[in-house]
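**Q** Pasting target_27.cif here (mmCIF, C-alpha atoms):
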data_final
loop_
_atom_site.label_atom_id
_atom_site.label_comp_id
_atom_site.auth_asym_id
_atom_site.auth_seq_id
_atom_site.Cartn_x
_atom_site.Cartn_y
_atom_site.Cartn_z
CA MET A 49 122.38 94.20 99.25
CA THR A 50 125.95 94.20 97.94
CA GLN A 51 126.53 92.06 94.88
CA ALA A 52 129.01 89.22 95.34
CA PRO A 53 132.17 89.67 93.25
CA ALA A 54 132.16 87.79 89.97
CA PHE A 55 135.72 86.62 90.64
CA ASP A 56 136.60 86.76 94.31
CA LYS A 57 140.27 85.88 93.92
CA PRO A 58 143.49 87.86 93.45
CA LYS A 59 143.58 89.79 90.18
CA VAL A 60 146.12 91.49 87.94
CA GLU A 61 145.25 94.70 86.09
CA LEU A 62 147.40 96.12 83.30
CA HIS A 63 145.32 98.92 81.71
CA VAL A 64 143.92 101.64 83.94
CA HIS A 65 144.46 105.41 83.75
CA LEU A 66 145.35 107.32 86.90
CA ASP A 67 143.50 110.45 85.77
CA GLY A 68 140.46 108.29 85.02
CA ALA A 69 140.44 106.67 88.45
CA ILE A 70 140.08 109.61 90.84
CA LYS A 71 137.54 109.75 93.68
CA PRO A 72 134.88 112.42 93.07
CA GLU A 73 135.30 113.50 96.70
CA THR A 74 138.97 114.23 96.03
CA ILE A 75 138.12 116.32 92.98
CA LEU A 76 135.65 118.36 95.02
CA TYR A 77 138.13 118.82 97.85
CA PHE A 78 140.86 120.25 95.64
CA GLY A 79 138.44 122.27 93.55
CA ARG A 80 137.26 124.05 96.70
CA LYS A 81 140.74 124.34 98.20
CA ARG A 82 142.17 125.86 95.03
CA GLY A 83 139.15 127.98 94.15
CA ILE A 84 138.55 126.15 90.86
CA ALA A 85 134.94 126.00 89.66
CA LEU A 86 133.45 122.56 89.12
CA PRO A 87 130.13 121.65 87.47
CA ALA A 88 128.66 120.25 90.72
CA ASP A 89 128.80 120.74 94.50
CA THR A 90 128.38 117.12 95.64
CA ALA A 91 130.22 113.93 94.80
CA GLU A 92 126.99 112.35 93.57
CA GLU A 93 126.17 115.19 91.18
CA LEU A 94 129.76 115.40 89.97
CA GLN A 95 129.76 111.67 89.23
CA LYS A 96 126.57 112.05 87.20
CA ILE A 97 128.06 114.82 85.08
CA ILE A 98 131.46 113.18 84.57
CA GLY A 99 130.12 109.66 84.24
CA MET A 100 128.70 107.83 81.26
CA ASP A 101 125.59 105.64 81.20
CA LYS A 102 125.28 104.99 77.48
CA PRO A 103 127.69 104.66 74.56
CA GLN A 104 129.35 107.77 73.18
CA SER A 105 132.22 108.27 70.78
CA LEU A 106 135.83 108.07 71.94
CA PRO A 107 136.38 111.82 71.29
CA ASP A 108 133.22 112.59 73.32
CA PHE A 109 134.52 110.42 76.13
CA LEU A 110 137.84 112.28 76.12
CA THR A 111 136.06 115.61 76.69
CA LYS A 112 134.94 114.35 80.11
CA PHE A 113 138.39 115.05 81.53
CA GLN A 114 137.92 118.77 80.93
CA TYR A 115 135.31 118.89 83.70
CA TYR A 116 137.61 117.92 86.53
CA MET A 117 141.29 117.84 85.56
CA PRO A 118 141.78 121.59 86.29
CA ALA A 119 141.10 120.79 89.96
CA ILE A 120 143.93 118.22 90.05
CA ALA A 121 146.58 119.30 87.54
CA GLY A 122 149.28 121.61 88.85
CA SER A 123 148.75 120.66 92.52
CA ARG A 124 151.49 118.69 94.26
CA ASP A 125 149.18 117.62 97.07
CA ALA A 126 146.45 116.50 94.67
CA ILE A 127 148.76 114.46 92.46
CA LYS A 128 150.38 112.60 95.33
CA ARG A 129 146.98 111.99 96.92
CA ILE A 130 145.29 110.58 93.82
CA ALA A 131 148.20 108.15 93.39
CA TYR A 132 147.91 107.00 97.01
CA GLU A 133 144.13 106.67 96.84
CA PHE A 134 144.42 104.72 93.60
CA VAL A 135 146.38 102.01 95.40
CA GLU A 136 143.76 101.91 98.14
CA MET A 137 141.02 101.57 95.51
CA LYS A 138 142.74 98.66 93.76
CA ALA A 139 143.50 96.84 97.01
CA LYS A 140 139.79 96.95 97.89
CA GLU A 141 139.02 95.42 94.47
CA GLY A 142 141.23 92.41 95.16
CA VAL A 143 144.00 93.45 92.77
CA VAL A 144 147.43 92.21 93.87
CA TYR A 145 149.40 93.76 91.01
CA VAL A 146 148.47 96.75 88.84
CA GLU A 147 150.17 98.87 86.20
CA VAL A 148 148.66 102.36 86.20
CA ARG A 149 149.30 104.80 83.35
CA TYR A 150 149.18 108.56 82.98
CA SER A 151 150.59 111.50 81.04
CA PRO A 152 153.01 113.55 83.19
CA HIS A 153 152.44 116.55 80.93
CA LEU A 154 148.67 116.58 81.47
CA LEU A 155 149.25 116.99 85.22
CA ALA A 156 151.92 119.71 84.93
CA ASN A 157 151.73 123.49 84.60
CA SER A 158 155.38 124.35 83.94
CA LYS A 159 157.83 123.43 81.18
CA VAL A 160 154.97 122.06 79.10
CA GLU A 161 153.68 123.62 75.90
CA PRO A 162 150.80 124.13 75.64
CA ILE A 163 149.91 124.23 79.34
CA PRO A 164 146.92 121.85 79.64
CA TRP A 165 143.43 122.55 80.96
CA ASN A 166 143.73 126.34 80.53
CA GLN A 167 145.89 126.56 83.65
CA ALA A 168 147.99 129.59 84.44
CA GLU A 169 151.69 128.88 84.29
CA GLY A 170 153.02 127.50 87.57
CA ASP A 171 156.11 125.67 88.76
CA LEU A 172 155.12 121.98 88.55
CA THR A 173 157.05 120.26 85.77
CA PRO A 174 156.35 116.85 84.16
CA ASP A 175 159.50 115.58 85.87
CA GLU A 176 158.23 116.50 89.33
CA VAL A 177 154.81 115.04 88.48
CA VAL A 178 156.42 111.63 87.97
CA ASN A 179 158.29 111.95 91.24
CA LEU A 180 155.08 112.83 93.10
CA VAL A 181 153.12 109.96 91.56
CA ASN A 182 155.94 107.58 92.47
CA GLN A 183 155.82 108.78 96.07
CA GLY A 184 152.05 108.32 96.28
CA LEU A 185 152.16 104.86 94.73
CA GLN A 186 155.03 103.68 96.93
CA GLU A 187 153.36 104.95 100.11
CA GLY A 188 150.17 103.22 98.98
CA GLU A 189 152.05 99.96 98.42
CA LYS A 190 153.30 100.04 102.01
CA ALA A 191 149.89 100.95 103.42
CA PHE A 192 147.74 98.50 101.45
CA GLY A 193 150.06 95.58 100.73
CA ILE A 194 149.81 95.31 96.94
CA LYS A 195 152.36 95.87 94.18
CA VAL A 196 151.98 98.85 91.81
CA ARG A 197 154.00 99.96 88.81
CA SER A 198 153.42 102.84 86.41
CA ILE A 199 153.44 103.52 82.67
CA LEU A 200 154.10 106.98 81.22
CA CYS A 201 151.89 108.02 78.32
CA CYS A 202 152.73 109.85 75.15
CA MET A 203 149.65 111.65 73.82
CA ARG A 204 148.70 111.24 70.17
CA HIS A 205 147.85 114.93 69.75
CA GLN A 206 151.11 116.14 71.33
CA PRO A 207 154.07 114.36 69.69
CA ASP A 208 156.45 117.11 70.88
CA TRP A 209 156.00 115.82 74.44
CA SER A 210 157.01 112.25 73.59
CA PRO A 211 160.82 112.57 73.69
CA GLU A 212 160.57 113.89 77.25
CA VAL A 213 158.22 111.03 78.15
CA VAL A 214 160.83 108.43 77.25
CA ALA A 215 163.51 110.48 79.04
CA LEU A 216 161.37 110.36 82.19
CA CYS A 217 160.91 106.61 81.76
CA LYS A 218 164.69 106.27 81.75
CA LYS A 219 165.19 108.60 84.72
CA TYR A 220 162.57 106.92 86.92
CA TRP A 221 163.04 103.36 85.64
CA HIS A 222 161.85 100.95 88.35
CA GLN A 223 161.06 103.80 90.73
CA THR A 224 157.59 102.43 89.82
CA VAL A 225 157.99 103.31 86.11
CA VAL A 226 158.17 100.22 83.88
CA ALA A 227 156.95 101.24 80.41
CA ILE A 228 155.86 103.81 77.84
CA ASP A 229 152.42 104.04 76.20
CA LEU A 230 150.83 105.93 73.32
CA ALA A 231 147.35 107.12 74.33
CA GLY A 232 144.72 109.69 73.34
CA ASP A 233 142.47 110.13 70.33
CA GLU A 234 143.10 107.25 67.96
CA THR A 235 140.94 108.94 65.32
CA ILE A 236 143.69 111.53 64.66
CA LYS A 237 144.83 110.41 61.23
CA GLY A 238 148.42 109.23 61.05
CA SER A 239 149.13 109.99 64.70
CA THR A 240 150.97 106.71 65.26
CA ARG A 241 153.56 107.88 62.74
CA PHE A 242 154.16 111.39 64.07
CA PRO A 243 157.95 111.82 64.30
CA GLY A 244 157.95 112.62 68.03
CA HIS A 245 156.25 109.32 68.84
CA LEU A 246 158.54 107.37 66.53
CA GLU A 247 161.60 108.97 68.13
CA ALA A 248 160.36 108.15 71.62
CA TYR A 249 159.63 104.50 70.83
CA LYS A 250 162.94 104.09 69.06
CA GLU A 251 164.73 105.38 72.16
CA ALA A 252 162.57 103.20 74.41
CA LEU A 253 163.56 100.11 72.47
CA LYS A 254 167.23 101.11 72.53
CA SER A 255 167.06 101.71 76.30
CA GLY A 256 165.17 98.55 77.21
CA ILE A 257 161.97 100.40 78.16
CA HIS A 258 158.86 98.22 77.84
CA ARG A 259 156.27 99.36 75.30
CA THR A 260 152.49 99.25 74.98
CA VAL A 261 150.24 101.18 72.58
CA HIS A 262 146.54 102.03 72.41
CA ALA A 263 145.50 100.71 69.00
CA GLY A 264 142.48 99.12 67.33
CA GLU A 265 140.09 100.42 69.97
CA VAL A 266 137.92 102.53 67.69
CA GLY A 267 140.36 102.58 64.77
CA SER A 268 140.76 99.85 62.19
CA ALA A 269 143.06 96.85 62.23
CA GLU A 270 145.48 98.98 60.21
CA ASN A 271 146.08 101.06 63.35
CA VAL A 272 147.29 97.90 65.07
CA ARG A 273 149.42 96.99 62.07
CA GLU A 274 151.02 100.44 62.23
CA VAL A 275 152.34 99.85 65.70
CA ARG A 276 153.95 96.64 64.52
CA SER A 277 155.27 97.28 61.00
CA CYS A 278 156.33 99.69 58.27
CA TRP A 279 157.50 99.44 54.67
CA PRO A 280 161.25 100.13 54.35
CA THR A 281 163.38 100.82 51.28
CA ALA A 282 167.11 100.94 50.80
CA SER A 283 167.06 104.72 50.77
CA VAL A 284 164.62 105.34 53.64
CA PRO A 285 165.23 104.13 57.20
CA CYS A 286 162.28 102.04 58.30
CA PHE A 287 161.70 104.28 61.30
CA LEU A 288 160.30 106.99 59.06
CA GLY A 289 157.27 104.77 58.86
CA PRO A 290 154.60 104.03 56.23
CA CYS A 291 153.56 107.70 55.98
CA PHE A 292 156.57 108.15 53.68
CA GLN A 293 155.77 105.25 51.41
CA HIS A 294 154.05 107.44 48.84
CA LEU A 295 157.40 109.09 48.16
CA PHE A 296 158.87 105.74 47.17
CA PRO A 297 156.31 103.72 45.24
CA SER A 298 158.80 100.88 44.75
CA ALA A 299 158.82 100.16 48.49
CA SER A 300 158.99 96.48 49.34
CA PRO A 301 155.94 95.15 51.21
CA GLN A 302 158.16 93.26 53.65
CA ALA A 303 157.00 94.33 57.11
CA VAL A 304 159.46 95.09 59.87
CA ASP A 305 158.69 96.27 63.38
CA ILE A 306 158.29 100.00 63.97
CA LEU A 307 157.00 100.84 67.43
CA LYS A 308 157.81 97.29 68.52
CA THR A 309 154.97 97.24 71.00
CA GLU A 310 154.92 94.32 73.41
CA ARG A 311 151.22 94.70 74.27
CA VAL A 312 148.19 96.25 72.58
CA GLY A 313 145.76 98.44 74.49
CA HIS A 314 142.28 97.24 73.47
CA GLY A 315 143.05 95.94 69.95
CA TYR A 316 139.50 94.80 69.22
CA HIS A 317 139.54 95.68 65.54
CA THR A 318 142.51 93.40 64.98
CA LEU A 319 139.84 90.78 64.29
CA GLU A 320 138.98 92.58 61.03
CA ASP A 321 142.31 91.43 59.55
CA LYS A 322 142.66 87.65 59.75
CA ALA A 323 146.29 87.60 58.70
CA LEU A 324 147.23 90.21 61.30
CA TYR A 325 145.19 88.49 64.00
CA ASP A 326 146.76 85.12 63.23
CA ARG A 327 150.20 86.68 63.29
CA LEU A 328 149.68 88.33 66.67
CA ARG A 329 148.26 85.12 68.11
CA LYS A 330 151.39 83.26 67.03
CA GLU A 331 153.54 85.98 68.55
CA ASN A 332 151.55 85.63 71.81
CA MET A 333 150.70 89.33 71.71
CA HIS A 334 148.88 90.45 74.84
CA PHE A 335 145.60 92.36 74.41
CA GLU A 336 144.61 94.67 77.27
CA VAL A 337 140.84 94.20 77.04
CA CYS A 338 138.46 96.64 78.77
CA PRO A 339 134.95 95.18 78.33
CA TRP A 340 132.75 97.84 79.97
CA SER A 341 134.86 100.63 78.48
CA SER A 342 134.50 99.11 75.01
CA TYR A 343 130.72 99.37 75.32
CA LEU A 344 130.60 102.96 76.56
CA THR A 345 133.16 104.32 74.07
CA GLY A 346 131.42 102.62 71.14
CA ALA A 347 134.49 100.51 70.44
CA TRP A 348 132.20 97.47 70.58
CA LYS A 349 128.62 97.42 69.30
CA ALA A 350 126.34 95.50 71.64
CA GLU A 351 124.52 93.80 68.78
CA THR A 352 127.75 92.02 67.77
CA GLU A 353 129.82 89.36 69.50
CA HIS A 354 132.34 90.93 71.85
CA PRO A 355 135.97 90.42 70.76
CA ALA A 356 136.70 89.00 74.23
CA ILE A 357 134.58 85.97 73.33
CA ARG A 358 136.74 85.31 70.27
CA PHE A 359 139.88 85.83 72.35
CA LYS A 360 138.56 83.33 74.91
CA ASN A 361 137.61 80.73 72.32
CA ASP A 362 140.97 81.07 70.55
CA LYS A 363 142.94 80.94 73.83
CA VAL A 364 144.46 84.32 73.07
CA ASN A 365 146.75 86.10 75.54
CA TYR A 366 144.56 88.85 77.06
CA SER A 367 143.50 90.46 80.34
CA PHE A 368 140.48 92.33 81.76
CA ASN A 369 140.89 95.93 82.85
CA SER A 370 138.79 98.87 84.06
CA ASP A 371 140.40 101.63 81.91
CA ASP A 372 138.74 104.80 83.37
CA PRO A 373 136.47 103.74 86.25
CA LEU A 374 135.64 107.31 87.33
CA ILE A 375 134.06 108.12 83.98
CA PHE A 376 132.55 104.67 83.48
CA LYS A 377 131.13 104.64 87.03
CA SER A 378 132.64 101.21 87.50
CA THR A 379 135.10 99.01 89.31
CA LEU A 380 137.15 96.14 87.92
CA ASP A 381 134.35 93.83 89.10
CA THR A 382 132.04 95.56 86.60
CA ASP A 383 134.09 94.03 83.78
CA TYR A 384 134.05 90.60 85.38
CA GLN A 385 130.30 90.77 86.08
CA MET A 386 129.60 91.83 82.48
CA THR A 387 131.57 88.97 80.96
CA LYS A 388 130.30 86.38 83.44
CA GLN A 389 126.62 87.28 83.24
CA ASP A 390 126.32 88.31 79.59
CA MET A 391 129.04 86.28 77.87
CA GLY A 392 129.33 83.09 79.89
CA PHE A 393 132.87 83.54 81.16
CA THR A 394 133.81 81.04 83.87
CA GLU A 395 136.06 81.14 86.90
CA GLU A 396 138.55 78.94 85.07
CA GLU A 397 138.78 81.48 82.25
CA PHE A 398 139.19 84.29 84.78
CA LYS A 399 142.10 82.37 86.30
CA ARG A 400 143.65 81.86 82.87
CA LEU A 401 143.43 85.49 81.84
CA ASN A 402 144.91 86.70 85.14
CA ILE A 403 147.81 84.28 84.81
CA ASN A 404 148.36 85.58 81.30
CA ALA A 405 148.22 89.14 82.63
CA ALA A 406 150.93 88.30 85.16
CA ARG A 407 153.07 86.70 82.47
CA SER A 408 152.61 89.72 80.22
CA SER A 409 153.29 92.26 82.97
CA PHE A 410 156.32 94.51 82.71
CA LEU A 411 157.86 93.24 85.95
CA PRO A 412 161.41 91.86 86.00
CA GLU A 413 161.44 88.09 85.57
CA ASN A 414 162.11 87.30 89.24
CA GLU A 415 159.22 89.49 90.41
CA LYS A 416 157.00 88.09 87.67
CA GLU A 417 157.73 84.57 88.90
CA GLN A 418 156.79 85.60 92.45
CA LEU A 419 153.51 87.08 91.20
CA LEU A 420 152.70 83.95 89.22
CA ASN A 421 153.39 81.73 92.23
CA GLN A 422 151.10 83.95 94.31
CA LEU A 423 148.31 83.43 91.78
CA TYR A 424 148.88 79.69 91.43
CA GLU A 425 148.67 79.29 95.20
CA ALA A 426 145.53 81.44 95.48
CA TYR A 427 143.89 79.58 92.59
CA GLY A 428 144.76 76.13 93.94
CA MET A 429 146.78 75.36 90.83
CA PRO A 430 150.20 73.69 90.72
CA PRO A 431 152.70 75.84 88.83
CA PRO A 432 153.69 74.32 85.49
CA PRO A 433 157.28 73.09 85.06
CA ALA A 434 158.07 76.11 82.87
CA THR A 435 155.75 79.12 82.78
CA ALA A 436 157.35 81.64 80.46
CA GLY A 437 155.36 82.19 77.29
CA GLN A 438 153.04 79.24 77.87
CA ASP A 439 149.27 79.17 77.96
CA PRO A 440 147.98 78.05 81.37
#
Using the file provided, produce a representation of the structure as structure tokens.

**A**
Amino acid sequence: MTQAPAFDKPKVELHVHLDGAIKPETILYFGRKRGIALPADTAEELQKIIGMDKPQSLPDFLTKFQYYMPAIAGSRDAIKRIAYEFVEMKAKEGVVYVEVRYSPHLLANSKVEPIPWNQAEGDLTPDEVVNLVNQGLQEGEKAFGIKVRSILCCMRHQPDWSPEVVALCKKYWHQTVVAIDLAGDETIKGSTRFPGHLEAYKEALKSGIHRTVHAGEVGSAENVREVRSCWPTASVPCFLGPCFQHLFPSASPQAVDILKTERVGHGYHTLEDKALYDRLRKENMHFEVCPWSSYLTGAWKAETEHPAIRFKNDKVNYSFNSDDPLIFKSTLDTDYQMTKQDMGFTEEEFKRLNINAARSSFLPENEKEQLLNQLYEAYGMPPPPATAGQDP
């Protein structure tokens, strides 16, 4: 018997990875078509090998991609198809607006150094990857009647890719692309401050590109602080970041924005720093919360109170998201079921967090207003006189 959805109303999702939301059947199809060996011959067995059932570390989780990405990366047909099927998947989950993120470089096999997933050099560039994903998403929008936008990811371990990522954001701006992200292994020390990432985010800010950053998932609150502030001096531009502070011990502790992120991916460990948490609450910072993911990656320990409960109680601006449903063997409903059954979340709170997700989306203001009105109507709620920046 199929379980009834925990929240059977239109939803908004802001944090989900395209390469973590692929159908196992599609992986098998392209593995066979391209002659690429996979660790299983059936979708069920492949899902067991790729998927997670118990908590592991974030670096261990990231190794899962090595099993199946060689079957997808470098293939024009595969990349366009996974984008199209992603839209179908989200429409079936009751999502009316979603922002999906991915690294163009991790799907390419040309003009990328190093070439990922031990691929032979081909002729698919990161630029063409973005074009193909856009095509798949746009065709999916028409077929399934939902709105989809995309976010291009810089990877923490490859700062040399980041300047091209922001260039692609500018080239494909609003051809689904709405923002830049910094993703990957947060445990790489100092990776937020690598010059390539700083350069990309500086250019994004200058160009009006929206910005989100994975931070405070498994790292400390300091990782979140890093994406918001640095310690400048008269002789050092603030964009060099706090990694240079040891050269200038007289640096003033006055914080100024560095990556100027508008949203935080995960951000759970922000709660370890009361001053930082209070500051971000006042700034109405949006936290892209992924409950089931946080359990399986070890970002949240089950014996402790989940940060989402604190966010709920404090009326923080946050959303629920599925992150990497292929690996977590989940759907977005998994996150809603978990918080409803185990943490006492109510339908009213689900409405509130989806409204906040819509408000914190990277849509233009007129499209954001349309999305909000769609939610208010579906939720049986009158729209407030003024919605921008307000708590529902």

**Q** Using all atoms listed in the file, which of the listed residues (A:Leu230, A:Ala406, A:Leu246, A:Ile375) sits closest to Leu344 of chain A?

**A** A:Ile375

**Q** I need the residue nearest Glu176 of chain A from this list: A:Leu106, A:Leu86, A:Ile127, A:Met203. Use only C-alpha atoms for the distance.

**A**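 Of A:Leu106, A:Leu86, A:Ile127, A:Met203, the one nearest Glu176 of chain A, counting only C-alpha atoms, is A:Ile127.
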
**Q** Nearest to Lys254 of chain A: which of A:Leu307, A:Thr387, A:Cys202, A:Asn332 is it, counting all atoms listed in the file?

**A**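 The answer is A:Leu307, which sits nearest to Lys254 of chain A.
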
**Q** Please determine, counting all atoms listed in the file, which residue among A:Gly68, A:Pro103, A:Gly83, A:Pro174 has the shortest atom-to-atom distance to Trp348 of chain A.

**A**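 The closest residue to Trp348 of chain A is A:Pro103.
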
**Q** I want to know what sits within 12 Å of Gly142 of chain A, based on only C-alpha atoms, with residues of the same chain fewer than 2 positions away left out; could you give that as a VMD selection string?

**A** chain A and resid 53 to 61 135 to 140 144 to 146 192 to 195 379 to 381 423 426

**Q** Looking at A:Val337, A:Val160, A:Ala52, A:Ile228, which one is nearest to Glu141 of chain A, with distances taken over all atoms listed in the file?

**A**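 Counting all atoms listed in the file, the residue closest to Glu141 of chain A is A:Ala52.
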
**Q** Excluding Gln223 of chain A and residues on its chain fewer than 4 positions from it, collect all residues at most 12 Å away from it, counting only C-alpha atoms, and give them as a ChimeraX atom specification.

**A** /A:178-186,196-199,216-219,227

**Q** Written as number ranges by chain, which residues does the PyMOL selection byres ((chain A and resi 170-173) around 7) give for the file shown?

**A** A: 122, 156-159, 168-169, 174-177

**Q** May I ask for the distance between atom CA of Asn365 of chain A and atom CA of Arg329 of chain A, given in Å to one decimal place?

**A**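 According to the coordinates, atom CA of Asn365 of chain A and atom CA of Arg329 of chain A are separated by 7.6 Å.
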
**Q** Between A:Leu328, A:Ile97, A:Ala263, A:Val64, which has the minimum distance to Ala231 of chain A (counting only C-alpha atoms)?

**A**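 So, comparing all the options, the nearest one is A:Ala263.
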
**Q** Just how far from atom CA of Thr90 of chain A is atom CA of Glu73 of chain A, in Å to one decimal?

**A**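 Separating atom CA of Glu73 of chain A from atom CA of Thr90 of chain A is a distance of 7.9 Å.
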
**Q** Around (144.2, 107.6, 72.1) in the file's own coordinates, what residues are found within 10 Å if you use all atoms listed in the file, given back as a PyMOL selection string?

**A** chain A and resi 106-107+110+201-205+229-236+239-240+261-267+313

**Q** Under the PyMOL selection byres ((chain A and resi 121) around 10), which residues of this model are included? Write them out as a list in words.

**A**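 So the PyMOL selection byres ((chain A and resi 121) around 10), applied here, picks out Asp67, Phe78, Tyr116, Met117, Pro118, Ala119, Ile120, Gly122, Ser123, Arg124, Ala126, Ile127, Pro152, His153, Leu154, Leu155, Ala156, Asn157, Pro164, Trp165, Gln167, Leu172 and Val177 of chain A.
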
**Q** Which value, in Å to one decimal, gives the distance between atom CA of Tyr77 of chain A and atom CA of Ala131 of chain A?

**A**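 Answer for the atom CA of Tyr77 of chain A to atom CA of Ala131 of chain A separation: 15.3 Å.
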
**Q** Grab all the atoms of segment 352-358 of chain A that the file lists, wrap them in a box along x, y and z, add 6 Å per side, and give me centre plus edge lengths in Å (one decimal) as AutoDock Vina command-line options.

**A**
--center_x 132.2 --center_y 88.7 --center_z 71.0 --size_x 21.0 --size_y 18.7 --size_z 18.5

**Q** Would you list the contacts of Ala405 of chain A as a list in words, taking every protein, DNA or RNA residue within 8 Å and counting all atoms listed in the file, but skipping same-chain residues closer than 3 positions in sequence?

**A**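 After dropping sequence-adjacent residues, the list is Val60, Glu61, Leu62, His334, Asn365, Tyr366, Ser367, Leu401, Asn402, Ser408 and Ser409 of chain A.
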